[in-house]
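What's in protein-v2.cif: mmCIF, C-alpha atoms and all ligand atoms; chains and numbers go by the auth columns
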data_my_file
#
loop_
_atom_site.group_PDB
_atom_site.id
_atom_site.type_symbol
_atom_site.label_atom_id
_atom_site.label_comp_id
_atom_site.label_asym_id
_atom_site.label_seq_id
_atom_site.Cartn_x
_atom_site.Cartn_y
_atom_site.Cartn_z
_atom_site.B_iso_or_equiv
_atom_site.auth_seq_id
_atom_site.auth_asym_id
ATOM 1 C CA MET A 1 -88.276 -62.929 -33.064 0.00 1 Q
ATOM 2 C CA GLU A 2 -91.439 -61.224 -31.813 0.00 2 Q
ATOM 3 C CA PRO A 3 -90.821 -58.485 -29.248 0.00 3 Q
ATOM 4 C CA PHE A 4 -92.435 -58.884 -25.833 0.00 4 Q
ATOM 5 C CA LYS A 5 -95.629 -56.925 -25.252 0.00 5 Q
ATOM 6 C CA SER A 6 -97.306 -55.345 -22.270 0.00 6 Q
ATOM 7 C CA ASN A 7 -99.909 -58.074 -21.848 0.00 7 Q
ATOM 8 C CA ASP A 8 -97.263 -60.831 -21.743 0.00 8 Q
ATOM 9 C CA LYS A 9 -96.798 -62.527 -18.411 0.00 9 Q
ATOM 10 C CA LEU A 10 -93.519 -62.046 -16.544 0.00 10 Q
ATOM 11 C CA PHE A 11 -93.348 -65.769 -15.983 0.00 11 Q
ATOM 12 C CA ASP A 12 -93.435 -66.372 -19.747 0.00 12 Q
ATOM 13 C CA LEU A 13 -90.734 -63.787 -20.394 0.00 13 Q
ATOM 14 C CA VAL A 14 -88.346 -65.485 -17.969 0.00 14 Q
ATOM 15 C CA ASN A 15 -89.266 -68.905 -19.314 0.00 15 Q
ATOM 16 C CA LYS A 16 -88.254 -67.728 -22.769 0.00 16 Q
ATOM 17 C CA ASN A 17 -85.094 -65.998 -21.580 0.00 17 Q
ATOM 18 C CA HIS A 18 -83.942 -66.433 -18.012 0.00 18 Q
ATOM 19 C CA ASN A 19 -81.133 -63.901 -18.610 0.00 19 Q
ATOM 20 C CA LEU A 20 -83.823 -61.242 -18.341 0.00 20 Q
ATOM 21 C CA LEU A 21 -84.065 -61.734 -14.588 0.00 21 Q
ATOM 22 C CA PRO A 22 -81.165 -59.389 -13.733 0.00 22 Q
ATOM 23 C CA VAL A 23 -82.768 -56.786 -16.021 0.00 23 Q
ATOM 24 C CA PHE A 24 -86.044 -57.177 -14.109 0.00 24 Q
ATOM 25 C CA ASN A 25 -84.111 -56.778 -10.861 0.00 25 Q
ATOM 26 C CA ARG A 26 -82.686 -53.453 -12.024 0.00 26 Q
ATOM 27 C CA PHE A 27 -86.262 -52.214 -12.089 0.00 27 Q
ATOM 28 C CA GLY A 28 -87.035 -53.717 -8.691 0.00 28 Q
ATOM 29 C CA ILE A 29 -89.085 -56.564 -10.166 0.00 29 Q
ATOM 30 C CA ARG A 30 -88.481 -59.888 -8.450 0.00 30 Q
ATOM 31 C CA PRO A 31 -89.944 -63.388 -8.783 0.00 31 Q
ATOM 32 C CA GLY A 32 -93.149 -64.408 -7.139 0.00 32 Q
ATOM 33 C CA PHE A 33 -94.736 -63.387 -10.424 0.00 33 Q
ATOM 34 C CA LYS A 34 -98.033 -65.295 -10.125 0.00 34 Q
ATOM 35 C CA ASP A 35 -99.921 -64.362 -13.303 0.00 35 Q
ATOM 36 C CA LYS A 36 -98.766 -60.769 -13.406 0.00 36 Q
ATOM 37 C CA THR A 37 -98.307 -59.191 -16.814 0.00 37 Q
ATOM 38 C CA VAL A 38 -95.755 -56.519 -17.704 0.00 38 Q
ATOM 39 C CA THR A 39 -98.507 -53.918 -17.326 0.00 39 Q
ATOM 40 C CA ASP A 40 -99.426 -55.194 -13.831 0.00 40 Q
ATOM 41 C CA ALA A 41 -95.832 -55.256 -12.577 0.00 41 Q
ATOM 42 C CA CYS A 42 -94.997 -51.824 -13.976 0.00 42 Q
ATOM 43 C CA ALA A 43 -98.139 -50.303 -12.456 0.00 43 Q
ATOM 44 C CA GLU A 44 -97.335 -51.883 -9.114 0.00 44 Q
ATOM 45 C CA LYS A 45 -93.749 -50.615 -9.074 0.00 45 Q
ATOM 46 C CA ASN A 46 -94.486 -47.307 -10.714 0.00 46 Q
ATOM 47 C CA ILE A 47 -92.248 -48.063 -13.687 0.00 47 Q
ATOM 48 C CA ASN A 48 -92.582 -46.512 -17.122 0.00 48 Q
ATOM 49 C CA LYS A 49 -93.945 -49.545 -18.978 0.00 49 Q
ATOM 50 C CA GLU A 50 -92.794 -48.503 -22.449 0.00 50 Q
ATOM 51 C CA PHE A 51 -89.284 -47.891 -21.192 0.00 51 Q
ATOM 52 C CA PHE A 52 -89.217 -51.235 -19.386 0.00 52 Q
ATOM 53 C CA LEU A 53 -90.331 -53.057 -22.538 0.00 53 Q
ATOM 54 C CA ALA A 54 -87.860 -51.194 -24.735 0.00 54 Q
ATOM 55 C CA VAL A 55 -84.990 -52.208 -22.423 0.00 55 Q
ATOM 56 C CA VAL A 56 -86.180 -55.805 -22.058 0.00 56 Q
ATOM 57 C CA ASN A 57 -86.587 -56.234 -25.807 0.00 57 Q
ATOM 58 C CA THR A 58 -83.215 -54.652 -26.541 0.00 58 Q
ATOM 59 C CA TYR A 59 -81.624 -57.058 -24.129 0.00 59 Q
ATOM 60 C CA HIS A 60 -83.579 -60.064 -25.368 0.00 60 Q
ATOM 61 C CA ASN A 61 -82.893 -59.617 -29.048 0.00 61 Q
ATOM 62 C CA PRO A 62 -79.611 -58.064 -30.200 0.00 62 Q
ATOM 63 C CA VAL A 63 -81.147 -57.176 -33.563 0.00 63 Q
ATOM 64 C CA HIS A 64 -84.018 -55.335 -31.925 0.00 64 Q
ATOM 65 C CA PHE A 65 -82.959 -51.817 -31.076 0.00 65 Q
ATOM 66 C CA PRO A 66 -85.933 -49.449 -30.866 0.00 66 Q
ATOM 67 C CA GLU A 67 -83.771 -46.391 -31.309 0.00 67 Q
ATOM 68 C CA GLU A 68 -86.579 -43.913 -31.968 0.00 68 Q
ATOM 69 C CA GLU A 69 -88.557 -45.167 -29.030 0.00 69 Q
ATOM 70 C CA LEU A 70 -85.612 -45.165 -26.638 0.00 70 Q
ATOM 71 C CA LEU A 71 -84.702 -41.652 -27.734 0.00 71 Q
ATOM 72 C CA SER A 72 -88.151 -40.485 -26.685 0.00 72 Q
ATOM 73 C CA PHE A 73 -87.629 -41.361 -23.002 0.00 73 Q
ATOM 74 C CA SER A 74 -86.288 -38.923 -20.457 0.00 74 Q
ATOM 75 C CA PRO A 75 -82.486 -39.036 -20.164 0.00 75 Q
ATOM 76 C CA LYS A 76 -83.102 -39.287 -16.415 0.00 76 Q
ATOM 77 C CA LEU A 77 -84.744 -42.701 -16.908 0.00 77 Q
ATOM 78 C CA ILE A 78 -81.829 -43.814 -19.052 0.00 78 Q
ATOM 79 C CA VAL A 79 -79.236 -42.580 -16.547 0.00 79 Q
ATOM 80 C CA ASP A 80 -81.055 -44.301 -13.657 0.00 80 Q
ATOM 81 C CA TYR A 81 -81.071 -47.554 -15.558 0.00 81 Q
ATOM 82 C CA LEU A 82 -77.410 -47.262 -16.548 0.00 82 Q
ATOM 83 C CA GLN A 83 -76.418 -46.510 -12.964 0.00 83 Q
ATOM 84 C CA ARG A 84 -78.243 -49.556 -11.678 0.00 84 Q
ATOM 85 C CA THR A 85 -76.458 -51.609 -14.310 0.00 85 Q
ATOM 86 C CA HIS A 86 -73.091 -50.269 -13.125 0.00 86 Q
ATOM 87 C CA GLU A 87 -73.942 -51.377 -9.576 0.00 87 Q
ATOM 88 C CA TYR A 88 -74.770 -54.807 -10.908 0.00 88 Q
ATOM 89 C CA TYR A 89 -71.405 -55.027 -12.658 0.00 89 Q
ATOM 90 C CA ILE A 90 -69.385 -53.880 -9.662 0.00 90 Q
ATOM 91 C CA ASP A 91 -71.255 -55.620 -6.852 0.00 91 Q
ATOM 92 C CA TYR A 92 -72.105 -58.832 -8.626 0.00 92 Q
ATOM 93 C CA PHE A 93 -70.633 -59.534 -12.037 0.00 93 Q
ATOM 94 C CA LEU A 94 -66.946 -58.727 -11.562 0.00 94 Q
ATOM 95 C CA PRO A 95 -66.794 -60.644 -8.248 0.00 95 Q
ATOM 96 C CA LYS A 96 -68.488 -63.555 -10.012 0.00 96 Q
ATOM 97 C CA ILE A 97 -65.907 -63.523 -12.821 0.00 97 Q
ATOM 98 C CA GLU A 98 -63.146 -63.351 -10.219 0.00 98 Q
ATOM 99 C CA ALA A 99 -64.534 -66.311 -8.300 0.00 99 Q
ATOM 100 C CA HIS A 100 -64.389 -68.310 -11.548 0.00 100 Q
ATOM 101 C CA LEU A 101 -60.925 -66.969 -12.299 0.00 101 Q
ATOM 102 C CA ASN A 102 -59.649 -67.987 -8.859 0.00 102 Q
ATOM 103 C CA LYS A 103 -61.020 -71.475 -9.197 0.00 103 Q
ATOM 104 C CA PHE A 104 -59.510 -71.728 -12.670 0.00 104 Q
ATOM 105 C CA ILE A 105 -56.113 -70.629 -11.351 0.00 105 Q
ATOM 106 C CA GLU A 106 -56.198 -73.000 -8.411 0.00 106 Q
ATOM 107 C CA ASN A 107 -56.224 -76.078 -10.631 0.00 107 Q
ATOM 108 C CA ASN A 108 -53.920 -74.792 -13.297 0.00 108 Q
ATOM 109 C CA SER A 109 -50.276 -75.488 -13.916 0.00 109 Q
ATOM 110 C CA SER A 110 -49.932 -73.456 -17.092 0.00 110 Q
ATOM 111 C CA LYS A 111 -46.826 -71.311 -17.296 0.00 111 Q
ATOM 112 C CA ASP A 112 -48.857 -68.479 -18.826 0.00 112 Q
ATOM 113 C CA LEU A 113 -51.035 -68.083 -15.800 0.00 113 Q
ATOM 114 C CA LYS A 114 -49.452 -64.815 -14.782 0.00 114 Q
ATOM 115 C CA MET A 115 -50.307 -63.382 -18.168 0.00 115 Q
ATOM 116 C CA ILE A 116 -53.988 -64.235 -17.754 0.00 116 Q
ATOM 117 C CA ILE A 117 -54.070 -62.530 -14.384 0.00 117 Q
ATOM 118 C CA THR A 118 -52.297 -59.473 -15.793 0.00 118 Q
ATOM 119 C CA PHE A 119 -54.710 -59.268 -18.736 0.00 119 Q
ATOM 120 C CA TYR A 120 -57.701 -59.547 -16.439 0.00 120 Q
ATOM 121 C CA ASP A 121 -56.358 -56.951 -14.000 0.00 121 Q
ATOM 122 C CA LYS A 122 -55.681 -54.534 -16.844 0.00 122 Q
ATOM 123 C CA TYR A 123 -59.151 -55.060 -18.202 0.00 123 Q
ATOM 124 C CA LYS A 124 -60.781 -54.551 -14.838 0.00 124 Q
ATOM 125 C CA LYS A 125 -58.794 -51.396 -14.161 0.00 125 Q
ATOM 126 C CA GLU A 126 -59.794 -49.878 -17.489 0.00 126 Q
ATOM 127 C CA PHE A 127 -63.419 -50.908 -17.065 0.00 127 Q
ATOM 128 C CA LEU A 128 -63.666 -49.428 -13.557 0.00 128 Q
ATOM 129 C CA LEU A 129 -62.034 -46.184 -14.678 0.00 129 Q
ATOM 130 C CA HIS A 130 -64.550 -45.929 -17.478 0.00 130 Q
ATOM 131 C CA ILE A 131 -67.466 -46.448 -15.098 0.00 131 Q
ATOM 132 C CA LYS A 132 -66.022 -43.969 -12.620 0.00 132 Q
ATOM 133 C CA ASP A 133 -65.796 -41.343 -15.340 0.00 133 Q
ATOM 134 C CA GLU A 134 -69.424 -41.894 -16.315 0.00 134 Q
ATOM 135 C CA GLU A 135 -70.623 -41.783 -12.717 0.00 135 Q
ATOM 136 C CA GLU A 136 -68.583 -38.762 -11.712 0.00 136 Q
ATOM 137 C CA ASN A 137 -68.609 -36.705 -14.889 0.00 137 Q
ATOM 138 C CA VAL A 138 -70.947 -37.807 -17.635 0.00 138 Q
ATOM 139 C CA PHE A 139 -74.137 -38.649 -15.720 0.00 139 Q
ATOM 140 C CA PRO A 140 -74.029 -35.608 -13.413 0.00 140 Q
ATOM 141 C CA TYR A 141 -73.451 -33.484 -16.508 0.00 141 Q
ATOM 142 C CA VAL A 142 -76.552 -34.918 -18.187 0.00 142 Q
ATOM 143 C CA LEU A 143 -78.673 -34.296 -15.107 0.00 143 Q
ATOM 144 C CA LYS A 144 -77.348 -30.767 -14.784 0.00 144 Q
ATOM 145 C CA LEU A 145 -78.131 -30.072 -18.410 0.00 145 Q
ATOM 146 C CA LEU A 146 -81.652 -31.314 -17.848 0.00 146 Q
ATOM 147 C CA ASN A 147 -82.093 -28.985 -14.909 0.00 147 Q
ATOM 148 C CA LYS A 148 -80.811 -26.171 -17.085 0.00 148 Q
ATOM 149 C CA ARG A 149 -78.359 -25.174 -14.410 0.00 149 Q
ATOM 150 C CA ASP A 150 -75.363 -25.669 -16.584 0.00 150 Q
ATOM 151 C CA GLU A 151 -73.266 -22.738 -17.696 0.00 151 Q
ATOM 152 C CA GLY A 152 -70.139 -21.782 -19.581 0.00 152 Q
ATOM 153 C CA ASP A 153 -67.353 -24.297 -19.703 0.00 153 Q
ATOM 154 C CA ASP A 154 -69.537 -27.323 -19.201 0.00 154 Q
ATOM 155 C CA LEU A 155 -70.979 -26.796 -22.630 0.00 155 Q
ATOM 156 C CA MET A 156 -67.551 -27.543 -23.996 0.00 156 Q
ATOM 157 C CA PHE A 157 -67.728 -30.951 -22.410 0.00 157 Q
ATOM 158 C CA THR A 158 -67.175 -33.557 -25.050 0.00 158 Q
ATOM 159 C CA ILE A 159 -68.082 -37.165 -24.797 0.00 159 Q
ATOM 160 C CA SER A 160 -65.885 -39.797 -26.308 0.00 160 Q
ATOM 161 C CA PHE A 161 -67.969 -42.714 -25.175 0.00 161 Q
ATOM 162 C CA GLU A 162 -67.799 -44.643 -28.383 0.00 162 Q
ATOM 163 C CA LYS A 163 -64.001 -44.677 -28.546 0.00 163 Q
ATOM 164 C CA GLU A 164 -63.665 -45.625 -24.901 0.00 164 Q
ATOM 165 C CA HIS A 165 -66.206 -48.398 -25.240 0.00 165 Q
ATOM 166 C CA THR A 166 -64.235 -49.858 -28.088 0.00 166 Q
ATOM 167 C CA ASN A 167 -61.047 -49.802 -25.955 0.00 167 Q
ATOM 168 C CA VAL A 168 -62.772 -51.580 -23.101 0.00 168 Q
ATOM 169 C CA GLU A 169 -64.307 -54.161 -25.440 0.00 169 Q
ATOM 170 C CA VAL A 170 -60.981 -54.826 -27.175 0.00 170 Q
ATOM 171 C CA LYS A 171 -59.281 -55.580 -23.869 0.00 171 Q
ATOM 172 C CA LEU A 172 -61.934 -58.130 -23.012 0.00 172 Q
ATOM 173 C CA SER A 173 -61.663 -59.719 -26.399 0.00 173 Q
ATOM 174 C CA ASP A 174 -57.844 -59.897 -26.010 0.00 174 Q
ATOM 175 C CA LEU A 175 -58.342 -61.856 -22.827 0.00 175 Q
ATOM 176 C CA LYS A 176 -60.768 -64.251 -24.519 0.00 176 Q
ATOM 177 C CA ASN A 177 -58.392 -64.747 -27.437 0.00 177 Q
ATOM 178 C CA LEU A 178 -55.518 -65.481 -25.146 0.00 178 Q
ATOM 179 C CA LEU A 179 -57.569 -68.088 -23.316 0.00 179 Q
ATOM 180 C CA LEU A 180 -58.956 -69.736 -26.417 0.00 180 Q
ATOM 181 C CA LYS A 181 -56.040 -69.511 -28.792 0.00 181 Q
ATOM 182 C CA TYR A 182 -52.822 -69.549 -26.871 0.00 182 Q
ATOM 183 C CA LEU A 183 -53.130 -70.813 -23.325 0.00 183 Q
ATOM 184 C CA GLU A 184 -51.583 -74.186 -22.747 0.00 184 Q
ATOM 185 C CA PRO A 185 -54.490 -76.428 -21.642 0.00 185 Q
ATOM 186 C CA ALA A 186 -53.021 -77.422 -18.298 0.00 186 Q
ATOM 187 C CA TYR A 187 -56.195 -76.785 -16.384 0.00 187 Q
ATOM 188 C CA ASP A 188 -59.481 -78.310 -15.363 0.00 188 Q
ATOM 189 C CA ASP A 189 -61.825 -78.127 -18.361 0.00 189 Q
ATOM 190 C CA ASN A 190 -64.920 -77.312 -16.334 0.00 190 Q
ATOM 191 C CA ASP A 191 -63.182 -74.475 -14.515 0.00 191 Q
ATOM 192 C CA PHE A 192 -61.954 -73.091 -17.819 0.00 192 Q
ATOM 193 C CA ASN A 193 -65.401 -73.304 -19.402 0.00 193 Q
ATOM 194 C CA GLU A 194 -67.066 -71.590 -16.464 0.00 194 Q
ATOM 195 C CA PHE A 195 -64.540 -68.776 -16.420 0.00 195 Q
ATOM 196 C CA LEU A 196 -64.810 -68.282 -20.161 0.00 196 Q
ATOM 197 C CA SER A 197 -68.582 -68.379 -20.227 0.00 197 Q
ATOM 198 C CA SER A 198 -68.746 -65.743 -17.482 0.00 198 Q
ATOM 199 C CA LEU A 199 -66.588 -63.528 -19.738 0.00 199 Q
ATOM 200 C CA PHE A 200 -68.877 -64.095 -22.726 0.00 200 Q
ATOM 201 C CA GLN A 201 -71.940 -63.339 -20.648 0.00 201 Q
ATOM 202 C CA PHE A 202 -70.353 -60.174 -19.333 0.00 202 Q
ATOM 203 C CA GLU A 203 -69.354 -59.118 -22.820 0.00 203 Q
ATOM 204 C CA LYS A 204 -72.896 -59.444 -24.091 0.00 204 Q
ATOM 205 C CA ASP A 205 -74.187 -57.373 -21.221 0.00 205 Q
ATOM 206 C CA ILE A 206 -71.690 -54.548 -21.564 0.00 206 Q
ATOM 207 C CA ILE A 207 -72.153 -54.327 -25.318 0.00 207 Q
ATOM 208 C CA ASP A 208 -75.876 -53.705 -24.808 0.00 208 Q
ATOM 209 C CA HIS A 209 -75.080 -51.260 -22.071 0.00 209 Q
ATOM 210 C CA ALA A 210 -72.606 -49.322 -24.216 0.00 210 Q
ATOM 211 C CA ARG A 211 -75.054 -49.318 -27.105 0.00 211 Q
ATOM 212 C CA ILE A 212 -77.626 -47.523 -24.949 0.00 212 Q
ATOM 213 C CA GLU A 213 -74.967 -44.994 -23.942 0.00 213 Q
ATOM 214 C CA ASP A 214 -73.650 -44.410 -27.471 0.00 214 Q
ATOM 215 C CA LYS A 215 -76.833 -44.507 -29.477 0.00 215 Q
ATOM 216 C CA ILE A 216 -79.328 -43.076 -26.990 0.00 216 Q
ATOM 217 C CA LEU A 217 -77.709 -41.035 -24.264 0.00 217 Q
ATOM 218 C CA VAL A 218 -75.176 -39.208 -26.437 0.00 218 Q
ATOM 219 C CA PRO A 219 -77.747 -38.080 -29.069 0.00 219 Q
ATOM 220 C CA GLN A 220 -80.031 -36.997 -26.220 0.00 220 Q
ATOM 221 C CA ILE A 221 -77.277 -34.847 -24.740 0.00 221 Q
ATOM 222 C CA GLU A 222 -76.620 -33.302 -28.140 0.00 222 Q
ATOM 223 C CA LYS A 223 -80.309 -32.578 -28.536 0.00 223 Q
ATOM 224 C CA ILE A 224 -80.643 -30.882 -25.149 0.00 224 Q
ATOM 225 C CA LYS A 225 -77.557 -28.807 -25.864 0.00 225 Q
ATOM 226 C CA LYS A 226 -79.010 -27.646 -29.174 0.00 226 Q
ATOM 227 C CA THR A 227 -82.311 -26.574 -27.631 0.00 227 Q
ATOM 228 C CA LYS A 228 -80.656 -24.598 -24.848 0.00 228 Q
HETATM 229 FE FE FE B . -71.810 -47.303 -18.425 0.00 301 Q
HETATM 230 FE FE FE B . -69.878 -46.786 -20.902 0.00 302 Q
#

Any chance you could put this one into structure tokens?
Amino acid sequence: MEPFKSNDKLFDLVNKNHNLLPVFNRFGIRPGFKDKTVTDACAEKNINKEFFLAVVNTYHNPVHFPEEELLSFSPKLIVDYLQRTHEYYIDYFLPKIEAHLNKFIENNSSKDLKMIITFYDKYKKEFLLHIKDEEENVFPYVLKLLNKRDEGDDLMFTISFEKEHTNVEVKLSDLKNLLLKYLEPAYDDNDFNEFLSSLFQFEKDIIDHARIEDKILVPQIEKIKKTK
């Protein structure tokens, strides 16, 4: 799969992969593309074009992970992008999953329904706690380090992103397993499929997100700490 390039048109990118639209939105790029290329749109919105392309290509192709390139961008750019992604999860994606879940529950007479709701609630709680920790501790710490204002104890700060990401991902996969393997099919098929596919979509998104945190942000933090 060829990565997208700066002279590609936005319209063509979305035609090839419409799931890129929310990624565009995180950079403030919205449809009404006309014949604009990536270069045009990034110039117009004052976006770092290389960073935009690295994120888009990472998202588009799971095998493509331009680690070296991503590592070269300012951690501030990475943090901004990750924060916008968190907003997208909280304001849009979780409510969307819940709307599907509610519809699924409405037309469902399975006796295991309570278990599904409990699994989802547990997952959501863990996910939100994880995001809260990043927003309140990890990201401010990175920005402080960058501004070289950090002293003493903060340097002892350790990041256990990778372990936490695995925990969050396992909980989501437990929920999917329960739905696919064990739930008595006493529900409307379309409602089930929609709920499940929203979970799969979410999973793909958060895996990419966590990969940027684990493989890019964490090494960047280590690097800044070493050069201090
Ligand atoms: Fe995150
Ligand atoms: Fe995370």

Notebook entry, point to check: Which distance in Å separates atom CA of Q:His18 and atom CA of Q:Leu196, to one decimal?
Noted result: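 Those two atoms sit 19.3 Å apart.
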
Quick one: which chain Q residues come within 10 Å of ligand FE 302 (chain Q), and what is the nearest atom pair for each with the distance in Å to one decimal, counting all atoms listed in the file, rows ordered by chain and ascending number, as JSON lines?
{"residue": "Q:Leu82", "atom": "CA", "partner": "Q:FE302", "partner_atom": "FE", "distance": 8.7}
{"residue": "Q:His86", "atom": "CA", "partner": "Q:FE302", "partner_atom": "FE", "distance": 9.1}
{"residue": "Q:Phe127", "atom": "CA", "partner": "Q:FE302", "partner_atom": "FE", "distance": 8.6}
{"residue": "Q:Leu128", "atom": "CA", "partner": "Q:FE302", "partner_atom": "FE", "distance": 10.0}
{"residue": "Q:His130", "atom": "CA", "partner": "Q:FE302", "partner_atom": "FE", "distance": 6.4}
{"residue": "Q:Ile131", "atom": "CA", "partner": "Q:FE302", "partner_atom": "FE", "distance": 6.3}
{"residue": "Q:Lys132", "atom": "CA", "partner": "Q:FE302", "partner_atom": "FE", "distance": 9.6}
{"residue": "Q:Asp133", "atom": "CA", "partner": "Q:FE302", "partner_atom": "FE", "distance": 8.8}
{"residue": "Q:Glu134", "atom": "CA", "partner": "Q:FE302", "partner_atom": "FE", "distance": 6.7}
{"residue": "Q:Glu135", "atom": "CA", "partner": "Q:FE302", "partner_atom": "FE", "distance": 9.6}
{"residue": "Q:Val138", "atom": "CA", "partner": "Q:FE302", "partner_atom": "FE", "distance": 9.6}
{"residue": "Q:Ser160", "atom": "CA", "partner": "Q:FE302", "partner_atom": "FE", "distance": 9.7}
{"residue": "Q:Phe161", "atom": "CA", "partner": "Q:FE302", "partner_atom": "FE", "distance": 6.2}
{"residue": "Q:Glu162", "atom": "CA", "partner": "Q:FE302", "partner_atom": "FE", "distance": 8.1}
{"residue": "Q:Lys163", "atom": "CA", "partner": "Q:FE302", "partner_atom": "FE", "distance": 9.9}
{"residue": "Q:Glu164", "atom": "CA", "partner": "Q:FE302", "partner_atom": "FE", "distance": 7.5}
{"residue": "Q:His165", "atom": "CA", "partner": "Q:FE302", "partner_atom": "FE", "distance": 5.9}
{"residue": "Q:Thr166", "atom": "CA", "partner": "Q:FE302", "partner_atom": "FE", "distance": 9.6}
{"residue": "Q:Val168", "atom": "CA", "partner": "Q:FE302", "partner_atom": "FE", "distance": 8.8}
{"residue": "Q:Ile206", "atom": "CA", "partner": "Q:FE302", "partner_atom": "FE", "distance": 8.0}
{"residue": "Q:Ile207", "atom": "CA", "partner": "Q:FE302", "partner_atom": "FE", "distance": 9.0}
{"residue": "Q:Asp208", "atom": "CA", "partner": "Q:FE302", "partner_atom": "FE", "distance": 10.0}
{"residue": "Q:His209", "atom": "CA", "partner": "Q:FE302", "partner_atom": "FE", "distance": 7.0}
{"residue": "Q:Ala210", "atom": "CA", "partner": "Q:FE302", "partner_atom": "FE", "distance": 5.0}
{"residue": "Q:Arg211", "atom": "CA", "partner": "Q:FE302", "partner_atom": "FE", "distance": 8.5}
{"residue": "Q:Ile212", "atom": "CA", "partner": "Q:FE302", "partner_atom": "FE", "distance": 8.8}
{"residue": "Q:Glu213", "atom": "CA", "partner": "Q:FE302", "partner_atom": "FE", "distance": 6.2}
{"residue": "Q:Asp214", "atom": "CA", "partner": "Q:FE302", "partner_atom": "FE", "distance": 7.9}

Next item on the list: Apply the PyMOL selection byres (((chain Q and resi 58-71) around 7) and not hetatm) to the displayed file and report the matching residues as a ChimeraX atom specification.
Entry: /Q:54-57,72-73,208,216,220

Next item on the list: Please evaluate the PyMOL selection byres (((chain Q and resi 27-30) around 10) and not hetatm) against the displayed coordinates and give the resulting residues as a ChimeraX atom specification.
Entry: /Q:10,21-26,31-33,41-42,44-48,52,80-81,84

Which polymer residues have any atom within 10 Å of an atom of Q:Glu184, counting all atoms listed in the file, with same-chain residues fewer than 6 positions away left out, as a CSV table (one decimal) with C-alpha atoms, in the coordinates of the input?
chain,number,residue,atom,x,y,z
Q,108,ASN,CA,-53.9,-74.8,-13.3
Q,109,SER,CA,-50.3,-75.5,-13.9
Q,110,SER,CA,-49.9,-73.5,-17.1
Q,111,LYS,CA,-46.8,-71.3,-17.3
Q,112,ASP,CA,-48.9,-68.5,-18.8
Q,113,LEU,CA,-51.0,-68.1,-15.8
Q,178,LEU,CA,-55.5,-65.5,-25.1

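Comparing Q:Asp205, Q:Ser173, Q:Ala43, Q:Asn7 by their smallest distance to ligand FE 301 (chain Q), the closest is Q:Asp205 (using all atoms listed in the file).
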
Notebook entry, point to check: In Å, how far is it from atom CA of Q:Glu98 to atom CA of Q:Asn19?
Noted result: 19.9 Å

Check: So how far away is atom CA of Q:Lys171 from atom CA of Q:Lys125, in Å?
Finding: 10.6 Å

Check: Pick the closest to ligand FE 301 (chain Q) from Q:Phe195, Q:Tyr182, Q:Phe200, Q:Tyr89: which is it, counting only C-alpha atoms and all ligand atoms?
Finding: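 When distances to ligand FE 301 (chain Q) are compared using only C-alpha atoms and all ligand atoms, the smallest one comes from Q:Tyr89.
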
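Once the PyMOL selection byres (((chain Q and resi 122) around 12) and not hetatm) is applied to this file, the selection holds Met115, Ile116, Ile117, Thr118, Phe119, Tyr120, Asp121, Tyr123, Lys124, Lys125, Glu126, Phe127, Leu128, Leu129, Asn167, Val168, Val170, Lys171, Leu172, Asp174 and Leu175 of chain Q.
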
Could those selected residues go to a file with C-alpha atoms, as a PDB file, in the coordinates of the input?
ATOM      1  CA  MET Q 115     -50.307 -63.382 -18.168  1.00  0.00           C
ATOM      2  CA  ILE Q 116     -53.988 -64.235 -17.754  1.00  0.00           C
ATOM      3  CA  ILE Q 117     -54.070 -62.530 -14.384  1.00  0.00           C
ATOM      4  CA  THR Q 118     -52.297 -59.473 -15.793  1.00  0.00           C
ATOM      5  CA  PHE Q 119     -54.710 -59.268 -18.736  1.00  0.00           C
ATOM      6  CA  TYR Q 120     -57.701 -59.547 -16.439  1.00  0.00           C
ATOM      7  CA  ASP Q 121     -56.358 -56.951 -14.000  1.00  0.00           C
ATOM      8  CA  TYR Q 123     -59.151 -55.060 -18.202  1.00  0.00           C
ATOM      9  CA  LYS Q 124     -60.781 -54.551 -14.838  1.00  0.00           C
ATOM     10  CA  LYS Q 125     -58.794 -51.396 -14.161  1.00  0.00           C
ATOM     11  CA  GLU Q 126     -59.794 -49.878 -17.489  1.00  0.00           C
ATOM     12  CA  PHE Q 127     -63.419 -50.908 -17.065  1.00  0.00           C
ATOM     13  CA  LEU Q 128     -63.666 -49.428 -13.557  1.00  0.00           C
ATOM     14  CA  LEU Q 129     -62.034 -46.184 -14.678  1.00  0.00           C
ATOM     15  CA  ASN Q 167     -61.047 -49.802 -25.955  1.00  0.00           C
ATOM     16  CA  VAL Q 168     -62.772 -51.580 -23.101  1.00  0.00           C
ATOM     17  CA  VAL Q 170     -60.981 -54.826 -27.175  1.00  0.00           C
ATOM     18  CA  LYS Q 171     -59.281 -55.580 -23.869  1.00  0.00           C
ATOM     19  CA  LEU Q 172     -61.934 -58.130 -23.012  1.00  0.00           C
ATOM     20  CA  ASP Q 174     -57.844 -59.897 -26.010  1.00  0.00           C
ATOM     21  CA  LEU Q 175     -58.342 -61.856 -22.827  1.00  0.00           C
TER      22      LEU Q 175
END

Next item on the list: Tell me, as an MDAnalysis selection string, which residues lie within 10 Å of Q:Tyr187, counting all atoms listed in the file; anything in the same chain fewer than 4 positions away does not count.
Entry: chainID Q and resid 104:110 183 191:192

Note to self: Report as a ChimeraX atom specification all protein, DNA and RNA residues lying within 10 Å of Q:Leu94, evaluated on only C-alpha atoms, omitting residues in the same chain fewer than 3 positions from it.
What the structure shows: /Q:88-91,97-100,124,198-199,202

Using C-alpha atoms, can you write the selected residues to a file as a compact mmCIF listing (two decimals), in the frame of the given file?
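To be explicit, this is the file written out as part.txt:
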# COMPACT_ATOMS: atom_id res chain seq x y z
CA TYR Q 88 -74.77 -54.81 -10.91
CA TYR Q 89 -71.40 -55.03 -12.66
CA ILE Q 90 -69.39 -53.88 -9.66
CA ASP Q 91 -71.26 -55.62 -6.85
CA ILE Q 97 -65.91 -63.52 -12.82
CA GLU Q 98 -63.15 -63.35 -10.22
CA ALA Q 99 -64.53 -66.31 -8.30
CA HIS Q 100 -64.39 -68.31 -11.55
CA LYS Q 124 -60.78 -54.55 -14.84
CA SER Q 198 -68.75 -65.74 -17.48
CA LEU Q 199 -66.59 -63.53 -19.74
CA PHE Q 202 -70.35 -60.17 -19.33
